[in-house]
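Taking it in order: structure first as structure tokens, then the write-up.
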Amino acid sequence: MSTVLAITSSASGAESVSNRLVADALEALKASGGANRVIARDVGGEPIPHLTAETTAALRNGEVATEAQRAALALSDRLVAELREADVIVIGAPMYNFGIPSTLKAWFDYVLRAGVTFSYSEKGPEGLVKGKRAIVIESRGGLYSEGPAQAMDSQEPHLRTMLGFIGITDVTFVRAEKQGFGPEVSAEAVAAARGELSRLGERLAA
């Protein structure tokens, strides 16, 4: 049985390109037999609370002196458990101001925990969440994978770094770029991304 954790992070709901492409990715995985169980986490529609001094202490030091700290640690444990259960992680990540949505960053803030999903040693940091595959679907208004705007991309490098830091290095990025270039260009980019997701689903199930 293959379990997929599907994370959507757009604030645009049903109008979101990345949300729709995450749904397409799940359909492709199900059709090819690569998704027997799906864990859905919509951090765009149901945001995870951003960390505060109080809740940061709970995640870093295990402090549970207040109700907020107990709730933060319980939420973090639940999110980490979902991550560990998954064989494949599908992340929908729209580009907001050259980076990722703060709601998606909050999810990472709750799952990147020293001694839980990564560890430090004399050899440096080591990811503890290994043996998983990730599909990251990026929607972008411009063209950032190449050309002069590539240097402004703080989205993909950040995602690759955070996933790799916890041990997830088998990552495929599927991009739907140039969404701001007009309806025809947008539709072509979305269709190309759907085709890529369909082929990817077949490969992952093979």
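We name chains A, B, ... following the order of the structure tokens; residues begin at 1 in each chain, and ligands are numbered from 1 as shown.
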Legend entry - Non-local contacts of Ile100 in chain A (9 Å; only C-alpha atoms; under 3 positions in same chain excluded) as a PyMOL selection string: chain A and resi 9+93-97+103-105+154-156+158-159
Inset, instruction - List the neighbours of Ala72 in chain A out to 8 Å using only C-alpha atoms; skip same-chain residues closer than 2 positions along the sequence, and give me the result as a list in words. - result: Thr55, Ala58, Leu59, Ala68, Gln69, Arg70, Ala74, Leu75 and Ser76 of chain A
If you keep N, CA, C and O atoms, can you produce a file of those selected residues as an mmCIF file, in the first residue's frame?
data_model
loop_
_atom_site.group_PDB
_atom_site.id
_atom_site.type_symbol
_atom_site.label_atom_id
_atom_site.label_comp_id
_atom_site.auth_asym_id
_atom_site.auth_seq_id
_atom_site.Cartn_x
_atom_site.Cartn_y
_atom_site.Cartn_z
ATOM 1 N N THR A 55 5.339 29.270 21.586
ATOM 2 C CA THR A 55 5.212 27.970 20.929
ATOM 3 C C THR A 55 6.554 27.458 20.391
ATOM 4 O O THR A 55 6.756 26.250 20.285
ATOM 5 N N ALA A 58 8.122 25.297 22.889
ATOM 6 C CA ALA A 58 7.537 23.956 22.965
ATOM 7 C C ALA A 58 8.182 23.023 21.951
ATOM 8 O O ALA A 58 8.495 21.865 22.254
ATOM 9 N N LEU A 59 8.401 23.519 20.723
ATOM 10 C CA LEU A 59 8.948 22.661 19.678
ATOM 11 C C LEU A 59 10.449 22.436 19.847
ATOM 12 O O LEU A 59 10.965 21.367 19.521
ATOM 13 N N ALA A 68 -1.159 26.806 25.064
ATOM 14 C CA ALA A 68 -0.650 27.082 23.721
ATOM 15 C C ALA A 68 0.541 26.190 23.391
ATOM 16 O O ALA A 68 0.676 25.710 22.260
ATOM 17 N N GLN A 69 1.403 25.951 24.365
ATOM 18 C CA GLN A 69 2.559 25.092 24.141
ATOM 19 C C GLN A 69 2.142 23.637 23.954
ATOM 20 O O GLN A 69 2.672 22.935 23.086
ATOM 21 N N ARG A 70 1.197 23.194 24.737
ATOM 22 C CA ARG A 70 0.697 21.819 24.582
ATOM 23 C C ARG A 70 0.064 21.632 23.204
ATOM 24 O O ARG A 70 0.274 20.613 22.539
ATOM 25 N N ALA A 74 1.458 19.179 20.207
ATOM 26 C CA ALA A 74 0.553 18.141 19.706
ATOM 27 C C ALA A 74 0.359 18.280 18.198
ATOM 28 O O ALA A 74 0.347 17.271 17.465
ATOM 29 N N LEU A 75 0.219 19.516 17.712
ATOM 30 C CA LEU A 75 0.069 19.733 16.273
ATOM 31 C C LEU A 75 1.332 19.320 15.539
ATOM 32 O O LEU A 75 1.267 18.656 14.496
ATOM 33 N N SER A 76 2.478 19.691 16.067
ATOM 34 C CA SER A 76 3.740 19.305 15.437
ATOM 35 C C SER A 76 3.876 17.790 15.370
ATOM 36 O O SER A 76 4.259 17.227 14.334
#
Residues within 8 Å of Gly45 in chain A, please, as a list in words. Count only C-alpha atoms; anything in the same chain fewer than 4 positions from it doesn't count.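 Residues meeting the cut-off are Ser9, Ser10, Ala11 and Gly13 of chain A.
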Give the helix (DSSP H, G or I) residues of range 44-91 of chain A, as DSSP finds them on the backbone, and put them as a tab-separated table (two decimals) with all heavy atoms, in the first residue's frame.
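Listing of selection20.tsv after writing:
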chain	number	residue	atom	x	y	z
A	53	ALA	N	7.15	33.17	20.42
A	53	ALA	CA	8.18	32.83	21.41
A	53	ALA	C	7.70	31.69	22.30
A	53	ALA	O	8.47	30.79	22.66
A	53	ALA	CB	8.51	34.08	22.24
A	54	GLU	N	6.42	31.71	22.61
A	54	GLU	CA	5.85	30.69	23.49
A	54	GLU	C	5.83	29.32	22.82
A	54	GLU	O	6.28	28.33	23.40
A	54	GLU	CB	4.43	31.11	23.89
A	54	GLU	CG	3.75	30.17	24.88
A	54	GLU	CD	2.36	30.65	25.25
A	54	GLU	OE1	1.80	31.51	24.52
A	54	GLU	OE2	1.84	30.18	26.27
A	55	THR	N	5.34	29.27	21.59
A	55	THR	CA	5.21	27.97	20.93
A	55	THR	C	6.55	27.46	20.39
A	55	THR	O	6.76	26.25	20.28
A	55	THR	CB	4.18	28.03	19.80
A	55	THR	OG1	4.51	29.09	18.89
A	55	THR	CG2	2.78	28.28	20.37
A	56	THR	N	7.47	28.37	20.06
A	56	THR	CA	8.79	27.94	19.63
A	56	THR	C	9.49	27.16	20.74
A	56	THR	O	10.16	26.16	20.50
A	56	THR	CB	9.65	29.16	19.23
A	56	THR	OG1	9.07	29.77	18.09
A	56	THR	CG2	11.07	28.74	18.88
A	57	ALA	N	9.31	27.60	21.98
A	57	ALA	CA	9.92	26.91	23.11
A	57	ALA	C	9.38	25.49	23.23
A	57	ALA	O	10.11	24.56	23.61
A	57	ALA	CB	9.65	27.68	24.40
A	58	ALA	N	8.12	25.30	22.89
A	58	ALA	CA	7.54	23.96	22.96
A	58	ALA	C	8.18	23.02	21.95
A	58	ALA	O	8.49	21.87	22.25
A	58	ALA	CB	6.02	24.03	22.74
A	59	LEU	N	8.40	23.52	20.72
A	59	LEU	CA	8.95	22.66	19.68
A	59	LEU	C	10.45	22.44	19.85
A	59	LEU	O	10.97	21.37	19.52
A	59	LEU	CB	8.66	23.27	18.30
A	59	LEU	CG	7.20	23.50	17.94
A	59	LEU	CD1	7.06	23.82	16.46
A	59	LEU	CD2	6.34	22.29	18.30
A	60	ARG	N	11.14	23.43	20.35
A	60	ARG	CA	12.59	23.30	20.49
A	60	ARG	C	13.01	22.60	21.77
A	60	ARG	O	13.96	21.82	21.79
A	60	ARG	CB	13.25	24.69	20.44
A	60	ARG	CG	13.22	25.32	19.06
A	60	ARG	CD	13.97	26.64	19.06
A	60	ARG	NE	13.99	27.23	17.73
A	60	ARG	CZ	14.48	28.44	17.46
A	60	ARG	NH1	15.01	29.17	18.43
A	60	ARG	NH2	14.47	28.90	16.23
A	61	ASN	N	12.29	22.89	22.85
A	61	ASN	CA	12.71	22.38	24.16
A	61	ASN	C	11.71	21.44	24.81
A	61	ASN	O	11.96	20.94	25.90
A	61	ASN	CB	12.96	23.57	25.12
A	61	ASN	CG	13.89	24.60	24.50
A	61	ASN	OD1	14.88	24.25	23.88
A	61	ASN	ND2	13.55	25.87	24.67
A	67	GLU	N	-1.24	26.07	27.75
A	67	GLU	CA	-2.13	25.40	26.81
A	67	GLU	C	-1.64	25.61	25.38
A	67	GLU	O	-1.72	24.70	24.55
A	67	GLU	CB	-3.55	25.92	26.97
A	67	GLU	CG	-4.56	25.24	26.04
A	67	GLU	CD	-4.62	23.73	26.21
A	67	GLU	OE1	-4.47	23.25	27.35
A	67	GLU	OE2	-4.78	23.02	25.19
A	68	ALA	N	-1.16	26.81	25.06
A	68	ALA	CA	-0.65	27.08	23.72
A	68	ALA	C	0.54	26.19	23.39
A	68	ALA	O	0.68	25.71	22.26
A	68	ALA	CB	-0.27	28.55	23.61
A	69	GLN	N	1.40	25.95	24.36
A	69	GLN	CA	2.56	25.09	24.14
A	69	GLN	C	2.14	23.64	23.95
A	69	GLN	O	2.67	22.93	23.09
A	69	GLN	CB	3.54	25.22	25.31
A	69	GLN	CG	4.26	26.55	25.33
A	69	GLN	CD	5.15	26.73	26.54
A	69	GLN	OE1	4.90	26.13	27.60
A	69	GLN	NE2	6.18	27.54	26.42
A	70	ARG	N	1.20	23.19	24.74
A	70	ARG	CA	0.70	21.82	24.58
A	70	ARG	C	0.06	21.63	23.20
A	70	ARG	O	0.27	20.61	22.54
A	70	ARG	CB	-0.30	21.48	25.69
A	70	ARG	CG	0.34	21.21	27.04
A	70	ARG	CD	-0.67	20.65	28.03
A	70	ARG	NE	-1.63	21.67	28.45
A	70	ARG	CZ	-1.43	22.51	29.47
A	70	ARG	NH1	-0.31	22.44	30.17
A	70	ARG	NH2	-2.34	23.39	29.80
A	71	ALA	N	-0.71	22.63	22.77
A	71	ALA	CA	-1.37	22.54	21.47
A	71	ALA	C	-0.36	22.55	20.34
A	71	ALA	O	-0.49	21.79	19.36
A	71	ALA	CB	-2.36	23.68	21.31
A	72	ALA	N	0.67	23.38	20.45
A	72	ALA	CA	1.69	23.47	19.40
A	72	ALA	C	2.46	22.16	19.28
A	72	ALA	O	2.72	21.68	18.17
A	72	ALA	CB	2.65	24.62	19.68
A	73	LEU	N	2.84	21.59	20.41
A	73	LEU	CA	3.59	20.34	20.37
A	73	LEU	C	2.73	19.20	19.83
A	73	LEU	O	3.20	18.37	19.05
A	73	LEU	CB	4.11	20.00	21.76
A	73	LEU	CG	5.12	18.85	21.84
A	73	LEU	CD1	6.34	19.13	20.97
A	73	LEU	CD2	5.54	18.60	23.28
A	74	ALA	N	1.46	19.18	20.21
A	74	ALA	CA	0.55	18.14	19.71
A	74	ALA	C	0.36	18.28	18.20
A	74	ALA	O	0.35	17.27	17.47
A	74	ALA	CB	-0.79	18.22	20.42
A	75	LEU	N	0.22	19.52	17.71
A	75	LEU	CA	0.07	19.73	16.27
A	75	LEU	C	1.33	19.32	15.54
A	75	LEU	O	1.27	18.66	14.50
A	75	LEU	CB	-0.25	21.20	16.00
A	75	LEU	CG	-0.32	21.62	14.53
A	75	LEU	CD1	-1.35	20.80	13.77
A	75	LEU	CD2	-0.62	23.11	14.41
A	76	SER	N	2.48	19.69	16.07
A	76	SER	CA	3.74	19.31	15.44
A	76	SER	C	3.88	17.79	15.37
A	76	SER	O	4.26	17.23	14.33
A	76	SER	CB	4.91	19.90	16.21
A	76	SER	OG	6.14	19.46	15.67
A	77	ASP	N	3.55	17.12	16.46
A	77	ASP	CA	3.64	15.65	16.47
A	77	ASP	C	2.71	15.05	15.42
A	77	ASP	O	3.06	14.06	14.76
A	77	ASP	CB	3.27	15.11	17.85
A	77	ASP	CG	4.35	15.36	18.90
A	77	ASP	OD1	5.51	15.64	18.51
A	77	ASP	OD2	4.04	15.27	20.10
A	78	ARG	N	1.52	15.62	15.27
A	78	ARG	CA	0.56	15.12	14.30
A	78	ARG	C	1.07	15.33	12.87
A	78	ARG	O	0.97	14.44	12.01
A	78	ARG	CB	-0.79	15.80	14.49
A	78	ARG	CG	-1.91	15.24	13.62
A	78	ARG	CD	-3.27	15.57	14.19
A	78	ARG	NE	-3.55	17.00	14.18
A	78	ARG	CZ	-3.62	17.77	15.28
A	78	ARG	NH1	-3.39	17.24	16.45
A	78	ARG	NH2	-3.90	19.05	15.18
A	79	LEU	N	1.63	16.50	12.60
A	79	LEU	CA	2.15	16.78	11.25
A	79	LEU	C	3.35	15.89	10.93
A	79	LEU	O	3.49	15.41	9.80
A	79	LEU	CB	2.54	18.26	11.15
A	79	LEU	CG	1.40	19.27	11.29
A	79	LEU	CD1	1.95	20.69	11.28
A	79	LEU	CD2	0.36	19.09	10.20
A	80	VAL	N	4.21	15.68	11.89
A	80	VAL	CA	5.37	14.80	11.67
A	80	VAL	C	4.90	13.37	11.43
A	80	VAL	O	5.44	12.66	10.58
A	80	VAL	CB	6.34	14.86	12.87
A	80	VAL	CG1	7.40	13.77	12.75
A	80	VAL	CG2	7.00	16.23	12.95
A	81	ALA	N	3.88	12.94	12.17
A	81	ALA	CA	3.34	11.59	11.99
A	81	ALA	C	2.78	11.42	10.58
A	81	ALA	O	2.99	10.38	9.94
A	81	ALA	CB	2.26	11.31	13.03
A	82	GLU	N	2.07	12.43	10.08
A	82	GLU	CA	1.55	12.38	8.70
A	82	GLU	C	2.70	12.26	7.70
A	82	GLU	O	2.62	11.50	6.74
A	82	GLU	CB	0.72	13.63	8.41
A	82	GLU	CG	-0.59	13.71	9.18
A	82	GLU	CD	-1.33	15.01	8.94
A	82	GLU	OE1	-0.77	15.91	8.29
A	82	GLU	OE2	-2.48	15.12	9.41
A	83	LEU	N	3.75	13.03	7.94
A	83	LEU	CA	4.91	12.99	7.06
A	83	LEU	C	5.56	11.62	7.07
A	83	LEU	O	5.92	11.07	6.02
A	83	LEU	CB	5.91	14.06	7.49
A	83	LEU	CG	7.21	14.17	6.71
A	83	LEU	CD1	6.94	14.55	5.26
A	83	LEU	CD2	8.13	15.19	7.37
A	84	ARG	N	5.71	11.04	8.24
A	84	ARG	CA	6.36	9.73	8.36
A	84	ARG	C	5.52	8.62	7.73
A	84	ARG	O	6.05	7.64	7.20
A	84	ARG	CB	6.64	9.39	9.82
A	84	ARG	CG	7.71	10.28	10.45
A	84	ARG	CD	8.19	9.69	11.77
A	84	ARG	NE	9.22	10.51	12.39
A	84	ARG	CZ	10.50	10.50	12.04
A	84	ARG	NH1	10.91	9.72	11.05
A	84	ARG	NH2	11.37	11.27	12.67
A	85	GLU	N	4.20	8.75	7.80
A	85	GLU	CA	3.32	7.74	7.24
A	85	GLU	C	3.38	7.69	5.72
A	85	GLU	O	3.10	6.67	5.11
A	85	GLU	CB	1.87	8.00	7.66
A	85	GLU	CG	1.56	7.69	9.11
A	85	GLU	CD	0.11	8.01	9.43
A	85	GLU	OE1	-0.77	7.61	8.64
A	85	GLU	OE2	-0.14	8.68	10.45
message: Using only C-alpha atoms, which protein or nucleic acid residues come within 10 Å of range 170-181 of chain A? Drop anything in the same chain fewer than 2 positions from it, and give the result as a PyMOL selection string.
response: chain A and resi 17-18+21+88-95+130-145+156+159-160+163-164+167-168+183-194+196-197+200
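Across A:Leu29, A:Ala151, A:Ile39, A:Leu51, the tightest approach to Arg203 in chain A is made by A:Leu29 when counting only C-alpha atoms.
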Across A:Asp153, A:Lys30, A:Glu146, A:Gly44, the smallest distance to Gly99 in chain A, with only C-alpha atoms counted, is shown by A:Asp153
From the list A:Glu15, A:Val64, A:Ala86, A:Ile166, the nearest residue to Thr117 in chain A using only C-alpha atoms is A:Ile166
Residue with the minimum atom-to-atom distance to Ser102 in chain A, picked from A:Pro47, A:Gly147, A:Gly124, A:Gly115 with only C-alpha atoms counted, is A:Pro47
From the list A:Ala23, A:Ala40, A:Leu128, A:Ala65, the nearest residue to Thr3 in chain A using only C-alpha atoms is A:Ala40
Review point. Among range 7-78 of chain A, which ones does DSSP place in strand (DSSP E or B), written as a VMD selection string?
Key: chain A and resid 7 to 8 37 to 42
